[in-house]
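Here is the file work.cif (mmCIF, C-alpha atoms).
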```
data_start
loop_
_atom_site.group_PDB
_atom_site.id
_atom_site.type_symbol
_atom_site.label_atom_id
_atom_site.label_comp_id
_atom_site.auth_asym_id
_atom_site.auth_seq_id
_atom_site.Cartn_x
_atom_site.Cartn_y
_atom_site.Cartn_z
ATOM 1 C CA MET U 1 158.273 100.547 101.700
ATOM 2 C CA PRO U 2 160.499 103.319 100.227
ATOM 3 C CA ALA U 3 158.836 106.625 99.551
ATOM 4 C CA SER U 4 158.851 107.959 96.007
ATOM 5 C CA ASN U 5 158.389 111.609 95.056
ATOM 6 C CA SER U 6 158.411 110.928 91.349
ATOM 7 C CA ARG U 7 155.080 111.976 89.843
ATOM 8 C CA LYS U 8 155.168 109.174 87.291
ATOM 9 C CA ASP U 9 155.298 106.563 90.072
ATOM 10 C CA ARG U 10 152.053 107.771 91.665
ATOM 11 C CA PRO U 11 148.742 106.136 90.671
ATOM 12 C CA ASN U 12 146.565 108.303 88.486
ATOM 13 C CA ALA U 13 142.807 108.611 88.099
ATOM 14 C CA ARG U 14 142.623 105.551 85.874
ATOM 15 C CA PHE U 15 142.863 103.344 88.968
ATOM 16 C CA HIS U 16 139.329 102.563 90.030
ATOM 17 C CA GLY U 17 138.560 103.660 93.582
ATOM 18 C CA ARG U 18 141.404 106.154 93.917
ATOM 19 C CA VAL U 19 140.512 109.184 96.057
ATOM 20 C CA GLU U 20 143.250 111.790 96.182
ATOM 21 C CA ALA U 21 143.655 113.822 99.369
ATOM 22 C CA GLU U 22 146.513 116.022 100.467
ATOM 23 C CA GLY U 23 148.214 114.969 103.700
ATOM 24 C CA ARG U 24 146.450 111.627 104.153
ATOM 25 C CA MET U 25 148.993 108.871 104.631
ATOM 26 C CA CYS U 26 148.798 105.127 104.109
ATOM 27 C CA ALA U 27 147.554 103.344 107.240
ATOM 28 C CA GLU U 28 150.139 100.561 106.866
ATOM 29 C CA PRO U 29 152.769 101.028 109.602
ATOM 30 C CA GLY U 30 156.020 102.467 108.269
ATOM 31 C CA CYS U 31 154.600 103.490 104.875
ATOM 32 C CA ALA U 32 155.101 107.111 103.819
ATOM 33 C CA GLU U 33 152.953 106.910 100.665
ATOM 34 C CA ALA U 34 149.655 108.741 100.297
ATOM 35 C CA GLY U 35 146.563 106.830 101.399
ATOM 36 C CA GLU U 36 144.296 106.998 98.362
ATOM 37 C CA PHE U 37 142.451 103.654 98.384
ATOM 38 C CA ARG U 38 139.869 102.463 100.876
ATOM 39 C CA ALA U 39 139.983 99.077 102.623
ATOM 40 C CA PRO U 40 138.047 97.534 105.541
ATOM 41 C CA PRO U 41 139.516 98.005 109.034
ATOM 42 C CA LEU U 42 141.761 95.296 110.452
ATOM 43 C CA GLU U 43 139.284 94.421 113.202
ATOM 44 C CA GLY U 44 136.762 93.046 110.709
ATOM 45 C CA SER U 45 133.505 94.355 109.355
ATOM 46 C CA GLY U 46 133.595 97.980 108.384
ATOM 47 C CA HIS U 47 129.942 98.592 109.223
ATOM 48 C CA ALA U 48 129.175 100.848 112.169
ATOM 49 C CA ALA U 49 125.907 100.303 113.985
ATOM 50 C CA ASP U 50 124.868 103.960 113.832
ATOM 51 C CA GLY U 51 126.702 105.337 110.831
ATOM 52 C CA PRO U 52 128.325 104.651 107.472
ATOM 53 C CA PRO U 53 130.864 101.837 107.012
ATOM 54 C CA ARG U 54 134.308 102.393 108.566
ATOM 55 C CA PHE U 55 137.410 101.958 106.459
ATOM 56 C CA ARG U 56 141.124 102.741 106.384
ATOM 57 C CA TRP U 57 143.193 104.371 103.655
ATOM 58 C CA LEU U 58 146.033 102.543 101.933
ATOM 59 C CA CYS U 59 148.494 103.312 99.145
ATOM 60 C CA LEU U 60 148.236 101.459 95.835
ATOM 61 C CA ASP U 61 150.811 98.787 96.682
ATOM 62 C CA HIS U 62 149.320 98.033 100.075
ATOM 63 C CA VAL U 63 145.732 97.951 98.846
ATOM 64 C CA ARG U 64 146.850 95.524 96.128
ATOM 65 C CA ALA U 65 148.497 93.342 98.770
ATOM 66 C CA PHE U 66 145.351 93.515 100.879
ATOM 67 C CA ASN U 67 143.119 92.551 97.941
ATOM 68 C CA THR U 68 145.386 89.636 97.030
ATOM 69 C CA GLY U 69 145.088 88.134 100.502
ATOM 70 C CA TYR U 70 141.454 89.051 101.136
ATOM 71 C CA ASN U 71 139.171 86.130 101.966
ATOM 72 C CA PHE U 72 135.451 86.946 102.074
ATOM 73 C CA PHE U 73 134.684 83.656 103.821
ATOM 74 C CA LYS U 74 137.277 84.028 106.583
ATOM 75 C CA GLY U 75 135.752 83.228 109.976
ATOM 76 C CA MET U 76 132.599 81.658 108.529
ATOM 77 C CA SER U 77 131.388 78.181 109.399
ATOM 78 C CA PRO U 78 130.861 75.642 106.560
ATOM 79 C CA ASP U 79 127.083 76.232 106.766
ATOM 80 C CA GLU U 80 127.528 80.009 106.566
ATOM 81 C CA ILE U 81 129.820 79.628 103.547
ATOM 82 C CA HIS U 82 127.268 77.358 101.872
ATOM 83 C CA ASP U 83 124.476 79.882 102.479
ATOM 84 C CA ALA U 84 126.592 82.768 101.157
ATOM 85 C CA GLN U 85 127.372 80.847 97.957
ATOM 86 C CA LYS U 86 123.745 80.121 97.041
ATOM 87 C CA PRO U 87 122.794 81.762 93.716
ATOM 88 C CA PHE U 88 119.901 83.608 95.355
ATOM 89 C CA ALA U 89 121.755 84.605 98.540
ATOM 90 C CA GLY U 90 120.439 87.936 99.734
ATOM 91 C CA TRP U 91 117.278 87.811 97.616
ATOM 92 C CA GLU U 92 115.248 85.673 100.001
ATOM 93 C CA ARG U 93 114.794 88.325 102.659
ATOM 94 C CA GLU U 94 111.475 90.105 102.639
ATOM 95 C CA THR U 95 111.563 93.758 101.587
ATOM 96 C CA ARG U 96 109.065 96.556 101.829
ATOM 97 C CA ALA U 97 107.444 97.474 98.537
ATOM 98 C CA PHE U 98 108.299 101.004 97.478
ATOM 99 C CA ASN U 99 105.270 103.156 96.837
ATOM 100 C CA ALA U 100 105.608 106.878 96.332
ATOM 101 C CA THR U 101 101.925 107.374 97.057
ATOM 102 C CA GLY U 102 102.304 106.190 100.671
ATOM 103 C CA GLY U 103 100.301 103.028 100.085
ATOM 104 C CA ALA U 104 97.050 104.692 99.024
ATOM 105 C CA ASP U 105 97.152 103.592 95.391
ATOM 106 C CA ARG U 106 99.443 101.289 93.481
ATOM 107 C CA PRO U 107 100.853 102.648 90.211
ATOM 108 C CA PRO U 108 99.854 100.825 87.018
ATOM 109 C CA ARG U 109 102.001 97.950 85.794
ATOM 110 C CA TRP U 110 104.242 98.712 82.832
ATOM 111 C CA ALA U 111 103.067 95.489 81.160
ATOM 112 C CA ASP U 112 99.555 96.915 80.905
ATOM 113 C CA PHE U 113 100.703 99.512 78.372
ATOM 114 C CA SER U 114 102.470 99.348 75.031
ATOM 115 C CA ASP U 115 103.858 102.856 75.542
ATOM 116 C CA PRO U 116 105.600 103.760 78.840
ATOM 117 C CA LEU U 117 104.282 107.305 78.507
ATOM 118 C CA ASP U 118 100.745 105.920 78.704
ATOM 119 C CA ALA U 119 101.635 104.237 82.000
ATOM 120 C CA ILE U 120 103.052 107.482 83.381
ATOM 121 C CA GLY U 121 99.958 109.380 82.243
ATOM 122 C CA ALA U 122 97.668 106.829 83.872
ATOM 123 C CA ARG U 123 99.624 107.136 87.131
ATOM 124 C CA TRP U 124 99.048 110.856 87.356
ATOM 125 C CA ARG U 125 95.461 110.696 86.143
ATOM 126 C CA GLY U 126 94.772 108.128 88.824
ATOM 127 C CA SER U 127 93.275 105.791 86.236
ATOM 128 C CA MET U 128 93.981 102.154 85.471
ATOM 129 C CA PRO U 129 93.300 100.119 82.315
ATOM 130 C CA VAL U 130 89.888 98.500 82.329
ATOM 131 C CA GLU U 131 90.135 94.898 83.498
ATOM 132 C CA ARG U 132 88.075 91.946 82.320
ATOM 133 C CA LYS U 133 84.965 91.184 84.332
ATOM 134 C CA ASP U 134 86.060 87.558 84.695
ATOM 135 C CA GLY U 135 89.277 88.721 86.384
ATOM 136 C CA ARG U 136 91.588 87.140 83.807
ATOM 137 C CA PRO U 137 94.765 89.153 83.265
ATOM 138 C CA LEU U 138 95.516 91.121 80.120
ATOM 139 C CA SER U 139 99.072 92.090 79.263
ATOM 140 C CA GLY U 140 100.010 95.204 77.339
ATOM 141 C CA ARG U 141 100.377 93.110 74.175
ATOM 142 C CA ASP U 142 96.952 91.587 74.743
ATOM 143 C CA ARG U 143 95.391 95.043 74.925
ATOM 144 C CA GLU U 144 97.184 96.163 71.794
ATOM 145 C CA ALA U 145 95.981 93.039 69.968
ATOM 146 C CA LEU U 146 92.401 93.716 71.065
ATOM 147 C CA ARG U 147 92.666 97.231 69.649
ATOM 148 C CA THR U 148 93.997 95.835 66.367
ATOM 149 C CA LEU U 149 90.956 93.558 66.118
ATOM 150 C CA ALA U 150 88.610 96.303 67.388
ATOM 151 C CA LEU U 151 87.386 94.075 70.231
ATOM 152 C CA GLU U 152 86.242 94.872 73.761
ATOM 153 C CA VAL U 153 88.313 93.620 76.693
ATOM 154 C CA ASP U 154 85.537 91.216 77.790
ATOM 155 C CA VAL U 155 85.217 89.374 74.483
ATOM 156 C CA ASP U 156 85.266 85.584 74.872
ATOM 157 C CA ARG U 157 87.121 82.993 72.798
ATOM 158 C CA THR U 158 84.133 82.464 70.490
ATOM 159 C CA GLY U 159 83.875 86.188 69.805
ATOM 160 C CA LEU U 160 87.605 86.325 69.177
ATOM 161 C CA ARG U 161 87.456 83.544 66.555
ATOM 162 C CA LYS U 162 84.415 85.107 64.897
ATOM 163 C CA ARG U 163 86.062 88.520 64.611
ATOM 164 C CA TYR U 164 89.270 86.961 63.306
ATOM 165 C CA SER U 165 87.364 85.091 60.577
ATOM 166 C CA GLU U 166 85.560 88.289 59.566
ATOM 167 C CA LEU U 167 88.766 90.277 59.218
ATOM 168 C CA VAL U 168 90.603 87.514 57.340
ATOM 169 C CA ARG U 169 87.763 87.369 54.823
ATOM 170 C CA GLN U 170 87.808 91.153 54.561
ATOM 171 C CA TYR U 171 91.548 91.555 53.927
ATOM 172 C CA HIS U 172 92.611 88.303 52.222
ATOM 173 C CA PRO U 173 93.614 88.792 48.546
ATOM 174 C CA ASP U 174 91.524 85.772 47.478
ATOM 175 C CA ARG U 175 88.433 87.628 48.707
ATOM 176 C CA ASN U 176 89.430 90.853 46.965
ATOM 177 C CA GLY U 177 90.093 89.732 43.423
ATOM 178 C CA GLY U 178 93.812 89.278 44.076
ATOM 179 C CA ASP U 179 94.205 92.777 45.509
ATOM 180 C CA ARG U 180 97.233 92.670 47.821
ATOM 181 C CA SER U 181 96.980 96.252 49.088
ATOM 182 C CA HIS U 182 95.606 94.992 52.431
ATOM 183 C CA GLU U 183 98.347 92.416 53.092
ATOM 184 C CA SER U 184 99.997 94.499 55.813
ATOM 185 C CA ARG U 185 96.699 94.862 57.631
ATOM 186 C CA LEU U 186 96.065 91.124 57.252
ATOM 187 C CA GLN U 187 99.447 90.332 58.822
ATOM 188 C CA ASP U 188 98.585 92.592 61.774
ATOM 189 C CA VAL U 189 95.281 90.773 62.225
ATOM 190 C CA ILE U 190 96.958 87.356 62.157
ATOM 191 C CA ALA U 191 99.644 88.457 64.638
ATOM 192 C CA ALA U 192 97.001 89.905 66.981
ATOM 193 C CA TYR U 193 94.972 86.704 66.855
ATOM 194 C CA GLN U 194 98.014 84.552 67.577
ATOM 195 C CA GLN U 195 98.847 86.779 70.558
ATOM 196 C CA LEU U 196 95.349 86.511 72.030
ATOM 197 C CA LYS U 197 94.909 82.834 71.251
ATOM 198 C CA GLY U 198 97.845 82.030 73.524
ATOM 199 C CA SER U 199 96.918 84.539 76.215
ATOM 200 C CA PRO U 200 95.764 83.361 79.670
ATOM 201 C CA ALA U 201 92.668 85.531 79.211
ATOM 202 C CA PHE U 202 91.456 83.219 76.426
ATOM 203 C CA ALA U 203 92.747 79.893 77.720
#
```

Structure re-expressed in structure tokens:
Amino acid sequence: MPASNSRKDRPNARFHGRVEAEGRMCAEPGCAEAGEFRAPPLEGSGHAADGPPRFRWLCLDHVRAFNTGYNFFKGMSPDEIHDAQKPFAGWERETRAFNATGGADRPPRWADFSDPLDAIGARWRGSMPVERKDGRPLSGRDREALRTLALEVDVDRTGLRKRYSELVRQYHPDRNGGDRSHESRLQDVIAAYQQLKGSPAFA
């Protein structure tokens, strides 16, 4: 490939993956262009057993030629190709759960809080949201709905319906001489009840 000293012919930073280095030449035999793009080694996998992946440096034209002819599945058996093409390939292997506390305590779930800052605060206070005595799960939205209805976390379905009926009577315009000043509060009550009515905790 003929060498070119013209600055306009050289790839610029807009090419993704370009790493400029003075004196590093393209690894393709006979090429005098600068090697500014990484590619796997010719012998196959670029992963070293005891270090970072190995690679070779190519010029723009040669890395383009390499990419055009690259075949990820080269050397694989039909079964290996099938496994690599599965939508969940790579996700089935078991991984260790990350825990910054060294396994002593699990941080609270984000879903248990309506505000992420509350979750962060609970992590550092070492406290968790109070759970129901029956063990049924409460999401962050469930807890927010319970606060809207001023109910305890252990309220049952009967108590939920009773409290809902009380608040509807309290805020409905028909019970207040047509006064619609509490409509916003009534909508919050209805939304909270709908959330809890469909929650696993009240199934």

Exercise for the section: Rounded to one decimal place, report the CA of Ala201 (chain U)-CA of Tyr171 (chain U) distance in Å. Expected result: 26.0 Å

Practice task
Find the distance between CA of Pro137 (chain U) and CA of Gly159 (chain U) and write it in Å to one decimal.
Solution key: 17.6 Å

Handout entry: For Tyr193 (chain U): contacts at 9 Å, all atoms listed in the file, fewer than 5 positions along chain excluded, given as a PyMOL selection string
Key = chain U and resi 145-146+149+160-161+164+188+198

Handout entry: Two-atom distance - CA of Ile81 (chain U), CA of Gly69 (chain U) (Å)
Key = 17.7 Å

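The shell of residues at most 10 Å from Gln85 (chain U), with all atoms listed in the file counted and near chain neighbours (fewer than 5 positions) removed, consists of Phe73, Asp79 and Glu80 of chain U.
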
Problem - Residue members of the PyMOL selection byres ((chain U and resi 24) around 9) in the file shown, as a count of residues only - result: 12

Practice task
Name all residues at most 10 Å from region 166-169 of chain U (count all atoms listed in the file; drop same-chain ones fewer than 6 positions away) and give them as JSON, numbers by chain.
Solution key: {"U": [149, 175, 176, 185, 186, 187, 189, 190]}

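Remark: for Asp142 (chain U), the closest of the candidate residues U:Asn67, U:Thr158, U:Ser199, U:Ser184 is U:Ser199 (distances computed over only C-alpha atoms).
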
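Nearest residue to Cys59 (chain U) among U:Glu28, U:Asp174, U:Glu152, U:Glu183 is U:Glu28, counting all atoms listed in the file.
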